[in-house]
file run_7.txt (compact mmCIF, C-alpha atoms)
# COMPACT_ATOMS: atom_id res chain seq x y z
CA MET A 1485 203.45 -22.11 -180.58
CA GLU A 1486 204.28 -25.65 -181.70
CA GLU A 1487 205.00 -26.72 -178.13
CA ASN A 1488 201.63 -25.38 -176.92
CA LYS A 1489 199.86 -27.16 -179.75
CA SER A 1490 201.58 -30.48 -179.09
CA ARG A 1491 200.75 -30.17 -175.39
CA TRP A 1492 197.01 -29.80 -175.91
CA VAL A 1493 197.07 -32.66 -178.42
CA MET A 1494 198.77 -34.85 -175.82
CA VAL A 1495 196.20 -33.91 -173.18
CA PHE A 1496 193.37 -34.58 -175.62
CA GLN A 1497 194.78 -38.04 -176.36
CA ILE A 1498 194.83 -38.81 -172.64
CA ALA A 1499 191.24 -37.60 -172.23
CA LEU A 1500 189.92 -39.25 -175.41
CA PRO A 1501 189.11 -42.72 -173.98
CA LEU A 1502 187.13 -41.06 -171.20
CA CYS A 1503 185.37 -38.77 -173.68
CA LEU A 1504 184.38 -41.65 -175.96
CA SER A 1505 182.98 -43.60 -173.00
CA TYR A 1506 180.59 -40.70 -172.36
CA VAL A 1507 178.96 -40.94 -175.79
CA PRO A 1508 176.60 -43.93 -175.34
CA ILE A 1509 175.66 -42.97 -171.76
CA GLY A 1510 175.21 -39.33 -172.76
CA LEU A 1511 172.92 -40.29 -175.65
CA ALA A 1512 170.77 -42.40 -173.31
CA CYS A 1513 170.68 -39.60 -170.73
CA GLY A 1514 169.63 -37.04 -173.34
CA ILE A 1515 166.84 -39.30 -174.59
CA LEU A 1516 165.52 -39.88 -171.06
CA LEU A 1517 165.68 -36.17 -170.20
CA HIS A 1518 163.68 -35.39 -173.33
CA ALA A 1519 161.12 -38.04 -172.31
CA ALA A 1520 160.89 -36.34 -168.89
CA GLY A 1521 160.00 -33.00 -170.52
CA PHE A 1522 163.37 -31.32 -171.22
CA ASN A 1523 163.82 -29.67 -174.60
CA ALA A 1524 167.22 -29.49 -176.33
CA LEU A 1525 168.13 -26.16 -174.69
CA LEU A 1526 167.27 -27.29 -171.16
CA THR A 1527 169.10 -30.58 -171.70
CA THR A 1528 172.22 -28.68 -172.76
CA LEU A 1529 171.99 -26.35 -169.76
CA VAL A 1530 171.53 -29.14 -167.22
CA SER A 1531 174.45 -31.02 -168.81
CA LEU A 1532 176.71 -27.99 -168.44
CA LEU A 1533 175.57 -26.96 -164.97
CA VAL A 1534 175.12 -30.37 -163.32
CA PHE A 1535 177.57 -32.51 -165.34
CA SER A 1536 176.77 -35.73 -163.51
CA GLY A 1537 175.27 -38.78 -165.15
CA GLY A 1538 173.83 -40.17 -161.92
CA ALA A 1539 172.30 -36.82 -161.00
CA GLN A 1540 170.80 -36.27 -164.45
CA PHE A 1541 169.30 -39.76 -164.55
CA MET A 1542 167.88 -39.08 -161.09
CA ILE A 1543 166.36 -35.79 -162.27
CA ALA A 1544 164.65 -37.57 -165.15
CA SER A 1545 163.38 -40.33 -162.87
CA MET A 1546 162.02 -38.05 -160.14
CA LEU A 1547 160.39 -35.70 -162.63
CA ALA A 1548 158.73 -38.69 -164.29
CA THR A 1549 157.21 -39.62 -160.91
CA ASN A 1550 156.10 -36.00 -160.26
CA ALA A 1551 158.42 -35.57 -157.27
CA PRO A 1552 158.32 -32.05 -155.73
CA MET A 1553 161.13 -29.71 -156.74
CA HIS A 1554 162.48 -29.24 -153.21
CA THR A 1555 162.93 -33.01 -152.86
CA ILE A 1556 164.83 -33.16 -156.16
CA LEU A 1557 167.11 -30.32 -155.08
CA LEU A 1558 167.83 -31.92 -151.72
CA MET A 1559 168.62 -35.27 -153.33
CA LEU A 1560 170.92 -33.55 -155.82
CA PHE A 1561 172.69 -31.74 -153.00
CA PHE A 1562 173.44 -34.92 -151.05
CA LEU A 1563 174.29 -36.93 -154.16
CA GLU A 1564 176.80 -34.33 -155.36
CA LEU A 1565 178.25 -33.60 -151.92
CA ARG A 1566 180.98 -36.16 -152.62
CA TYR A 1567 182.65 -33.67 -154.96
CA ALA A 1568 183.71 -31.66 -151.93
CA LEU A 1569 185.83 -34.64 -150.87
CA LEU A 1570 187.14 -35.30 -154.37
CA GLY A 1571 188.06 -31.66 -154.81
CA SER A 1572 189.83 -31.51 -151.46
CA SER A 1573 192.09 -34.42 -152.44
CA LEU A 1574 193.21 -32.45 -155.51
CA SER A 1575 193.70 -29.20 -153.63
CA GLN A 1576 197.39 -29.96 -152.96
CA TYR A 1577 198.01 -29.84 -156.71
CA MET A 1578 196.14 -26.56 -157.20
CA ARG A 1579 198.49 -24.37 -155.18
CA GLY A 1580 199.36 -21.09 -156.85
CA THR A 1581 196.25 -20.99 -159.05
CA SER A 1582 193.78 -18.11 -159.00
CA LYS A 1583 190.28 -18.17 -157.51
CA LYS A 1584 188.85 -17.81 -161.02
CA PHE A 1585 190.75 -20.89 -162.13
CA LEU A 1586 189.54 -22.85 -159.09
CA TYR A 1587 185.94 -21.87 -159.84
CA PHE A 1588 186.06 -23.24 -163.38
CA PHE A 1589 187.96 -26.30 -162.22
CA ALA A 1590 185.42 -27.10 -159.50
CA ALA A 1591 182.45 -26.46 -161.81
CA SER A 1592 183.63 -29.07 -164.34
CA LEU A 1593 184.84 -31.73 -161.88
CA ASN A 1594 183.20 -35.16 -161.93
CA ASP A 1595 184.08 -38.70 -160.88
CA GLU A 1596 185.68 -39.86 -164.10
CA ASN A 1597 187.86 -36.86 -164.94
CA TYR A 1598 188.85 -36.74 -161.26
CA ALA A 1599 190.19 -40.31 -161.58
CA VAL A 1600 192.16 -39.43 -164.72
CA ASN A 1601 193.64 -36.28 -163.19
CA TYR A 1602 194.45 -37.83 -159.84
CA LEU A 1603 196.30 -40.67 -161.54
CA LYS A 1604 198.24 -38.23 -163.74
CA PHE A 1605 199.13 -35.97 -160.81
CA ALA A 1606 200.33 -39.00 -158.84
CA THR A 1607 202.44 -40.52 -161.64
CA ASP A 1608 203.47 -37.61 -163.89
CA LYS A 1609 205.46 -34.75 -162.38
CA THR A 1610 204.93 -32.63 -165.52
CA TRP A 1611 201.13 -32.75 -165.21
CA THR A 1612 199.86 -29.24 -164.45
CA PRO A 1613 196.54 -27.76 -163.24
CA LYS A 1614 195.98 -26.39 -166.75
CA ASP A 1615 196.31 -29.90 -168.17
CA ALA A 1616 193.80 -31.15 -165.60
CA LEU A 1617 191.38 -28.37 -166.53
CA GLN A 1618 191.68 -29.33 -170.20
CA VAL A 1619 190.73 -32.92 -169.35
CA GLU A 1620 187.66 -31.66 -167.52
CA HIS A 1621 186.62 -29.39 -170.39
CA TRP A 1622 187.12 -32.09 -173.04
CA SER A 1623 184.98 -34.50 -171.04
CA LEU A 1624 182.36 -31.79 -170.46
CA LEU A 1625 182.25 -31.04 -174.19
CA PHE A 1626 181.71 -34.67 -175.18
CA TRP A 1627 179.14 -35.23 -172.42
CA THR A 1628 177.13 -32.14 -173.31
CA GLY A 1629 177.29 -32.93 -177.02
CA ALA A 1630 176.08 -36.49 -176.43
CA ASN A 1631 173.24 -35.21 -174.24
CA LEU A 1632 172.19 -32.72 -176.88
CA ILE A 1633 172.21 -35.31 -179.67
CA GLY A 1634 170.29 -37.69 -177.42
CA SER A 1635 167.68 -35.02 -176.79
CA LEU A 1636 167.29 -34.45 -180.53
CA ILE A 1637 166.95 -38.19 -181.09
CA GLY A 1638 164.38 -38.32 -178.30
CA GLY A 1639 162.24 -35.88 -180.27
CA LEU A 1640 162.05 -38.40 -183.13
CA ILE A 1641 161.08 -41.45 -181.07
CA SER A 1642 158.54 -42.11 -178.33
CA ILE A 1643 159.77 -43.36 -174.94
CA ASN A 1644 157.64 -44.99 -172.29
CA LEU A 1645 158.45 -43.06 -169.10
CA ALA A 1646 158.22 -46.28 -167.08
CA ILE A 1647 161.63 -47.21 -168.45
CA VAL A 1648 163.20 -44.22 -166.68
CA ASP A 1649 162.73 -45.86 -163.28
CA TYR A 1650 164.39 -49.06 -164.48
CA ALA A 1651 167.27 -47.11 -166.03
CA LEU A 1652 168.03 -45.27 -162.78
CA THR A 1653 167.73 -48.47 -160.73
CA ALA A 1654 170.11 -50.27 -163.09
CA LEU A 1655 172.59 -47.38 -162.91
CA PHE A 1656 172.80 -47.37 -159.11
CA LEU A 1657 172.85 -51.18 -158.91
CA TYR A 1658 175.88 -51.07 -161.18
CA MET A 1659 177.51 -48.46 -158.92
CA VAL A 1660 176.91 -50.70 -155.89
CA ILE A 1661 178.26 -53.82 -157.66
CA MET A 1662 181.43 -51.91 -158.56
CA GLN A 1663 181.99 -51.47 -154.80
CA VAL A 1664 181.56 -55.16 -153.98
CA LYS A 1665 185.09 -55.36 -152.51
CA ASN A 1666 184.19 -52.66 -150.01
CA LYS A 1667 182.10 -54.54 -147.45
CA LEU A 1668 181.11 -51.39 -145.60
CA THR A 1669 179.65 -49.86 -148.77
CA ILE A 1670 177.50 -52.94 -149.35
CA VAL A 1671 176.23 -52.89 -145.77
CA ILE A 1672 175.35 -49.20 -145.91
CA SER A 1673 173.65 -49.68 -149.30
CA LEU A 1674 171.40 -52.34 -147.79
CA ILE A 1675 170.67 -50.15 -144.78
CA ALA A 1676 169.88 -47.20 -147.06
CA GLY A 1677 167.48 -49.34 -149.11
CA CYS A 1678 165.60 -50.54 -146.03
CA LEU A 1679 165.42 -47.02 -144.58
CA ALA A 1680 164.21 -45.59 -147.90
CA ALA A 1681 161.36 -48.12 -148.11
CA PHE A 1682 160.39 -47.47 -144.49
CA PHE A 1683 160.43 -43.67 -144.60
CA MET A 1684 158.70 -43.45 -147.97
CA VAL A 1685 155.81 -45.42 -146.44
CA VAL A 1686 155.84 -43.37 -143.24
CA LEU A 1687 156.20 -39.96 -144.89
CA LYS A 1688 154.13 -40.98 -147.92
CA GLY A 1689 156.39 -39.22 -150.39
CA THR A 1690 159.86 -38.97 -151.90
CA MET A 1691 161.02 -36.88 -148.92
CA GLY A 1692 161.58 -40.26 -147.31
CA LEU A 1693 164.54 -40.70 -149.68
CA VAL A 1694 166.19 -37.60 -148.26
CA VAL A 1695 165.72 -38.76 -144.67
CA ALA A 1696 166.99 -42.25 -145.53
CA THR A 1697 170.05 -40.81 -147.30
CA LEU A 1698 170.97 -38.67 -144.30
CA LEU A 1699 170.53 -41.47 -141.77
CA ALA A 1700 172.43 -44.02 -143.87
CA SER A 1701 175.28 -41.54 -144.36
CA LEU A 1702 175.48 -40.91 -140.62
CA VAL A 1703 175.47 -44.64 -139.89
CA GLY A 1704 178.23 -45.21 -142.44
CA PHE A 1705 180.32 -42.38 -141.03
CA ALA A 1706 179.86 -43.64 -137.45
CA ILE A 1707 180.90 -47.20 -138.37
CA GLU A 1708 183.93 -46.06 -140.34
CA ASP A 1709 185.01 -43.66 -137.59
CA TYR A 1710 184.69 -46.40 -134.97
CA LEU A 1711 186.74 -48.87 -137.02
CA VAL A 1712 189.46 -46.29 -137.69
CA ARG A 1713 189.67 -45.27 -134.03
CA HIS A 1714 189.40 -48.68 -132.41
CA GLY A 1715 190.34 -51.19 -135.10
CA LYS A 1716 193.78 -52.64 -135.50
CA THR A 1717 195.87 -51.30 -138.38
CA ASN A 1718 195.69 -54.54 -140.36
CA SER A 1719 192.24 -55.69 -139.23
CA PHE A 1720 189.94 -57.30 -141.80
CA TRP A 1721 187.19 -54.67 -141.66
CA LEU A 1722 189.58 -51.73 -141.59
CA ARG A 1723 191.25 -52.92 -144.80
CA ARG A 1724 187.81 -52.92 -146.43
CA ILE A 1725 187.17 -49.22 -145.76
CA LYS A 1726 190.62 -47.89 -146.60
CA PRO A 1727 191.28 -46.63 -150.14
CA ALA A 1728 192.52 -49.32 -152.52
CA ALA A 1729 195.53 -47.20 -153.44
CA SER A 1730 197.05 -44.01 -152.16
CA ARG A 1731 199.23 -41.56 -154.06
CA LYS A 1732 202.35 -43.21 -152.69
CA VAL A 1733 201.19 -46.67 -153.73
CA ILE A 1734 200.37 -45.49 -157.26
CA SER A 1735 203.71 -43.68 -157.57
CA ARG A 1736 205.65 -46.72 -156.33
CA LYS A 1737 203.91 -49.06 -158.78
CA SER A 1738 204.52 -46.68 -161.69
CA GLU A 1739 208.23 -46.56 -160.87
CA GLU A 1740 208.38 -50.36 -160.85

call {"tool": "encode", "arguments": {"input": "run_7.txt", "output": "structure tokens"}}
result
Amino acid sequence: MEENKSRWVMVFQIALPLCLSYVPIGLACGILLHAAGFNALLTTLVSLLVFSGGAQFMIASMLATNAPMHTILLMLFFLELRYALLGSSLSQYMRGTSKKFLYFFAASLNDENYAVNYLKFATDKTWTPKDALQVEHWSLLFWTGANLIGSLIGGLISINLAIVDYALTALFLYMVIMQVKNKLTIVISLIAGCLAAFFMVVLKGTMGLVVATLLASLVGFAIEDYLVRHGKTNSFWLRRIKPAASRKVISRKSEE
């Protein structure tokens, strides 16, 4: 009993920095969702079911601009499609687990807890799927709690909905800046921006964002595939699209 208790305490300590980082962003997200028309219950549900800061900010922004529901759903689908890739990279560590376990694990996966778990799996041989699931659930708990509190705070103050657009723009600009070392990402971001402006004018609606997202993704995939197939192993551009660190690199550095 004491060993089980000490284990969950250890996992919680590992997840705590991540959980605390969710508090300010979660509060802001809850406030913006309330300004977009979500009550406390709906904010809690969307936090549990979507569990993605970028997606929830996008929901608030698109609802504030009266975007049609099918456009919002399509944008959410393509925005969250990356989790299929993240989940597949963790699949090697999930061998022997049940389908029920995999369902709950996949439902609570996001970018940040993925990074924590991948690093632990790569550097700690004692790290188990149950530990990884605990990290996900701790982060989900803190995120949902922060969203709920933010929604309650939003009921006490008035928010100009115009700020929602700026908040979402700032969020994605930050995400692009964080990828500044990846030249291909910057190029595709610029292409996606130009395509979005063009198709929103042509289609006269937010459906242009969906079309631009698809085309930019295809262009990015085609460029990366070409560089991988035809580029030299140590070529400048190929180094820019390869992951910064693989599992072997992380493991080697941890041993040093």

call {"tool": "closest_residue", "arguments": {"input": "run_7.txt", "among": "A:Ser1635, A:Ser1490, A:Thr1628, A:Thr1555", "to": "Leu1532 in chain A", "atoms": "all atoms listed in the file"}}
result
A:Thr1628

call {"tool": "residues_around", "arguments": {"input": "run_7.txt", "residues": "Leu1560 in chain A", "least_positions_apart": "6", "cutoff": "12 Å", "atoms": "all atoms listed in the file", "output": "PyMOL selection string"}}
result
chain A and resi 1534-1544+1546+1553-1554+1566-1567+1693-1694+1697

call {"tool": "write_last_selection", "arguments": {"input": "run_7.txt", "atoms": "C-alpha atoms", "output": "mmCIF file, in the coordinates of the input"}}
result
data_model
loop_
_atom_site.group_PDB
_atom_site.id
_atom_site.type_symbol
_atom_site.label_atom_id
_atom_site.label_comp_id
_atom_site.auth_asym_id
_atom_site.auth_seq_id
_atom_site.Cartn_x
_atom_site.Cartn_y
_atom_site.Cartn_z
ATOM 1 C CA VAL A 1534 175.120 -30.370 -163.320
ATOM 2 C CA PHE A 1535 177.570 -32.510 -165.340
ATOM 3 C CA SER A 1536 176.770 -35.730 -163.510
ATOM 4 C CA GLY A 1537 175.270 -38.780 -165.150
ATOM 5 C CA GLY A 1538 173.830 -40.170 -161.920
ATOM 6 C CA ALA A 1539 172.300 -36.820 -161.000
ATOM 7 C CA GLN A 1540 170.800 -36.270 -164.450
ATOM 8 C CA PHE A 1541 169.300 -39.760 -164.550
ATOM 9 C CA MET A 1542 167.880 -39.080 -161.090
ATOM 10 C CA ILE A 1543 166.360 -35.790 -162.270
ATOM 11 C CA ALA A 1544 164.650 -37.570 -165.150
ATOM 12 C CA MET A 1546 162.020 -38.050 -160.140
ATOM 13 C CA MET A 1553 161.130 -29.710 -156.740
ATOM 14 C CA HIS A 1554 162.480 -29.240 -153.210
ATOM 15 C CA ARG A 1566 180.980 -36.160 -152.620
ATOM 16 C CA TYR A 1567 182.650 -33.670 -154.960
ATOM 17 C CA LEU A 1693 164.540 -40.700 -149.680
ATOM 18 C CA VAL A 1694 166.190 -37.600 -148.260
ATOM 19 C CA THR A 1697 170.050 -40.810 -147.300
#

call {"tool": "axis_aligned_box", "arguments": {"input": "run_7.txt", "around": "range 1596-1612 of chain A", "padding_each_side": "6 Å", "output": "AutoDock Vina command-line options"}}
result
--center_x 195.6 --center_y -35.0 --center_z -162.2 --size_x 31.8 --size_y 23.4 --size_z 18.7

call {"tool": "atom_distance", "arguments": {"input": "run_7.txt", "atom1": "CA of Arg1579 in chain A", "atom2": "CA of Tyr1598 in chain A"}}
result
16.8 Å

call {"tool": "residues_around", "arguments": {"input": "run_7.txt", "residues": "range 1609-1619 of chain A", "least_positions_apart": "3", "cutoff": "10 Å", "atoms": "all atoms listed in the file", "output": "MDAnalysis selection string"}}
result
chainID A and resid 1491:1492 1494:1500 1502:1503 1574 1577:1581 1585:1586 1588:1590 1592:1593 1597:1598 1600:1606 1622:1625

call {"tool": "atom_distance", "arguments": {"input": "run_7.txt", "atom1": "CA of Leu1570 in chain A", "atom2": "CA of Glu1708 in chain A"}}
result
18.0 Å

call {"tool": "atom_distance", "arguments": {"input": "run_7.txt", "atom1": "CA of Leu1711 in chain A", "atom2": "CA of Ser1575 in chain A"}}
result
26.7 Å

call {"tool": "closest_residue", "arguments": {"input": "run_7.txt", "among": "A:Ile1509, A:Leu1632, A:Ala1551, A:Met1559", "to": "Ala1524 in chain A", "atoms": "only C-alpha atoms"}}
result
A:Leu1632

call {"tool": "closest_residue", "arguments": {"input": "run_7.txt", "among": "A:Leu1525, A:Val1703, A:Ile1670, A:Leu1557", "to": "Gly1629 in chain A", "atoms": "only C-alpha atoms"}}
result
A:Leu1525

call {"tool": "decode", "arguments": {"input": "run_7.txt", "residues": "range 1570-1583 of chain A", "atoms": "all heavy atoms", "output": "PDB file, in the first residue's frame"}}
result
ATOM      1  N   LEU A1570       1.183  11.674 -32.791  1.00  0.00           N
ATOM      2  CA  LEU A1570       1.761  11.631 -31.442  1.00  0.00           C
ATOM      3  C   LEU A1570       1.460  10.292 -30.780  1.00  0.00           C
ATOM      4  O   LEU A1570       2.333   9.684 -30.152  1.00  0.00           O
ATOM      5  CB  LEU A1570       1.204  12.778 -30.596  1.00  0.00           C
ATOM      6  CG  LEU A1570       1.520  14.203 -31.053  1.00  0.00           C
ATOM      7  CD1 LEU A1570       0.948  15.217 -30.065  1.00  0.00           C
ATOM      8  CD2 LEU A1570       3.017  14.410 -31.211  1.00  0.00           C
ATOM      9  N   GLY A1571       0.214   9.850 -30.912  1.00  0.00           N
ATOM     10  CA  GLY A1571      -0.170   8.581 -30.308  1.00  0.00           C
ATOM     11  C   GLY A1571       0.579   7.405 -30.905  1.00  0.00           C
ATOM     12  O   GLY A1571       0.968   6.478 -30.185  1.00  0.00           O
ATOM     13  N   SER A1572       0.809   7.450 -32.211  1.00  0.00           N
ATOM     14  CA  SER A1572       1.505   6.332 -32.858  1.00  0.00           C
ATOM     15  C   SER A1572       2.945   6.216 -32.367  1.00  0.00           C
ATOM     16  O   SER A1572       3.497   5.117 -32.281  1.00  0.00           O
ATOM     17  CB  SER A1572       1.479   6.508 -34.383  1.00  0.00           C
ATOM     18  OG  SER A1572       2.220   7.657 -34.767  1.00  0.00           O
ATOM     19  N   SER A1573       3.574   7.359 -32.025  1.00  0.00           N
ATOM     20  CA  SER A1573       4.958   7.293 -31.539  1.00  0.00           C
ATOM     21  C   SER A1573       5.044   6.717 -30.130  1.00  0.00           C
ATOM     22  O   SER A1573       6.105   6.274 -29.697  1.00  0.00           O
ATOM     23  CB  SER A1573       5.588   8.684 -31.566  1.00  0.00           C
ATOM     24  OG  SER A1573       4.990   9.530 -30.603  1.00  0.00           O
ATOM     25  N   LEU A1574       3.926   6.717 -29.403  1.00  0.00           N
ATOM     26  CA  LEU A1574       3.900   6.124 -28.067  1.00  0.00           C
ATOM     27  C   LEU A1574       3.390   4.688 -28.077  1.00  0.00           C
ATOM     28  O   LEU A1574       3.420   4.021 -27.042  1.00  0.00           O
ATOM     29  CB  LEU A1574       3.007   6.963 -27.139  1.00  0.00           C
ATOM     30  CG  LEU A1574       3.512   8.349 -26.731  1.00  0.00           C
ATOM     31  CD1 LEU A1574       2.472   9.051 -25.860  1.00  0.00           C
ATOM     32  CD2 LEU A1574       4.843   8.262 -25.998  1.00  0.00           C
ATOM     33  N   SER A1575       2.925   4.234 -29.233  1.00  0.00           N
ATOM     34  CA  SER A1575       2.294   2.911 -29.291  1.00  0.00           C
ATOM     35  C   SER A1575       3.246   1.793 -28.887  1.00  0.00           C
ATOM     36  O   SER A1575       2.827   0.775 -28.326  1.00  0.00           O
ATOM     37  CB  SER A1575       1.757   2.652 -30.698  1.00  0.00           C
ATOM     38  OG  SER A1575       2.809   2.683 -31.655  1.00  0.00           O
ATOM     39  N   GLN A1576       4.555   1.979 -29.151  1.00  0.00           N
ATOM     40  CA  GLN A1576       5.527   0.932 -28.808  1.00  0.00           C
ATOM     41  C   GLN A1576       5.623   0.703 -27.306  1.00  0.00           C
ATOM     42  O   GLN A1576       6.047  -0.358 -26.856  1.00  0.00           O
ATOM     43  CB  GLN A1576       6.898   1.313 -29.367  1.00  0.00           C
ATOM     44  CG  GLN A1576       7.414   2.651 -28.862  1.00  0.00           C
ATOM     45  CD  GLN A1576       8.746   3.023 -29.463  1.00  0.00           C
ATOM     46  OE1 GLN A1576       9.636   2.176 -29.560  1.00  0.00           O
ATOM     47  NE2 GLN A1576       8.902   4.274 -29.873  1.00  0.00           N
ATOM     48  N   TYR A1577       5.225   1.722 -26.532  1.00  0.00           N
ATOM     49  CA  TYR A1577       5.291   1.605 -25.074  1.00  0.00           C
ATOM     50  C   TYR A1577       3.971   1.109 -24.483  1.00  0.00           C
ATOM     51  O   TYR A1577       3.892   0.883 -23.277  1.00  0.00           O
ATOM     52  CB  TYR A1577       5.628   2.956 -24.446  1.00  0.00           C
ATOM     53  CG  TYR A1577       6.879   3.590 -25.019  1.00  0.00           C
ATOM     54  CD1 TYR A1577       6.793   4.738 -25.806  1.00  0.00           C
ATOM     55  CD2 TYR A1577       8.130   3.040 -24.788  1.00  0.00           C
ATOM     56  CE1 TYR A1577       7.929   5.325 -26.335  1.00  0.00           C
ATOM     57  CE2 TYR A1577       9.278   3.624 -25.318  1.00  0.00           C
ATOM     58  CZ  TYR A1577       9.162   4.763 -26.096  1.00  0.00           C
ATOM     59  OH  TYR A1577      10.291   5.335 -26.625  1.00  0.00           O
ATOM     60  N   MET A1578       2.955   0.976 -25.318  1.00  0.00           N
ATOM     61  CA  MET A1578       1.627   0.596 -24.839  1.00  0.00           C
ATOM     62  C   MET A1578       1.318  -0.887 -25.058  1.00  0.00           C
ATOM     63  O   MET A1578       0.182  -1.316 -24.881  1.00  0.00           O
ATOM     64  CB  MET A1578       0.553   1.424 -25.560  1.00  0.00           C
ATOM     65  CG  MET A1578       0.650   2.925 -25.306  1.00  0.00           C
ATOM     66  SD  MET A1578       0.301   3.356 -23.591  1.00  0.00           S
ATOM     67  CE  MET A1578       1.815   4.199 -23.168  1.00  0.00           C
ATOM     68  N   ARG A1579       2.307  -1.647 -25.451  1.00  0.00           N
ATOM     69  CA  ARG A1579       2.089  -3.067 -25.719  1.00  0.00           C
ATOM     70  C   ARG A1579       1.657  -3.802 -24.451  1.00  0.00           C
ATOM     71  O   ARG A1579       2.205  -3.576 -23.375  1.00  0.00           O
ATOM     72  CB  ARG A1579       3.355  -3.696 -26.282  1.00  0.00           C
ATOM     73  CG  ARG A1579       3.740  -3.158 -27.650  1.00  0.00           C
ATOM     74  CD  ARG A1579       5.119  -3.598 -28.057  1.00  0.00           C
ATOM     75  NE  ARG A1579       5.510  -3.024 -29.340  1.00  0.00           N
ATOM     76  CZ  ARG A1579       6.734  -3.066 -29.836  1.00  0.00           C
ATOM     77  NH1 ARG A1579       7.692  -3.680 -29.151  1.00  0.00           N
ATOM     78  NH2 ARG A1579       7.010  -2.502 -31.003  1.00  0.00           N
ATOM     79  N   GLY A1580       0.666  -4.658 -24.612  1.00  0.00           N
ATOM     80  CA  GLY A1580       0.178  -5.443 -23.483  1.00  0.00           C
ATOM     81  C   GLY A1580      -0.952  -4.786 -22.723  1.00  0.00           C
ATOM     82  O   GLY A1580      -1.487  -5.375 -21.785  1.00  0.00           O
ATOM     83  N   THR A1581      -1.328  -3.567 -23.093  1.00  0.00           N
ATOM     84  CA  THR A1581      -2.437  -2.877 -22.421  1.00  0.00           C
ATOM     85  C   THR A1581      -3.753  -3.218 -23.112  1.00  0.00           C
ATOM     86  O   THR A1581      -3.781  -3.593 -24.282  1.00  0.00           O
ATOM     87  CB  THR A1581      -2.236  -1.356 -22.421  1.00  0.00           C
ATOM     88  OG1 THR A1581      -2.098  -0.898 -23.779  1.00  0.00           O
ATOM     89  CG2 THR A1581      -0.985  -0.978 -21.649  1.00  0.00           C
ATOM     90  N   SER A1582      -4.846  -3.055 -22.398  1.00  0.00           N
ATOM     91  CA  SER A1582      -6.165  -3.396 -22.934  1.00  0.00           C
ATOM     92  C   SER A1582      -6.700  -2.286 -23.836  1.00  0.00           C
ATOM     93  O   SER A1582      -6.212  -1.152 -23.811  1.00  0.00           O
ATOM     94  CB  SER A1582      -7.147  -3.637 -21.791  1.00  0.00           C
ATOM     95  OG  SER A1582      -7.345  -2.437 -21.050  1.00  0.00           O
ATOM     96  N   LYS A1583      -7.728  -2.597 -24.609  1.00  0.00           N
ATOM     97  CA  LYS A1583      -8.353  -1.604 -25.471  1.00  0.00           C
ATOM     98  C   LYS A1583      -9.012  -0.506 -24.640  1.00  0.00           C
ATOM     99  O   LYS A1583      -9.024   0.662 -25.040  1.00  0.00           O
ATOM    100  CB  LYS A1583      -9.385  -2.276 -26.378  1.00  0.00           C
ATOM    101  CG  LYS A1583      -8.779  -3.177 -27.441  1.00  0.00           C
ATOM    102  CD  LYS A1583      -9.848  -3.747 -28.356  1.00  0.00           C
ATOM    103  CE  LYS A1583      -9.228  -4.615 -29.438  1.00  0.00           C
ATOM    104  NZ  LYS A1583     -10.254  -5.188 -30.352  1.00  0.00           N
TER     105      LYS A1583
END
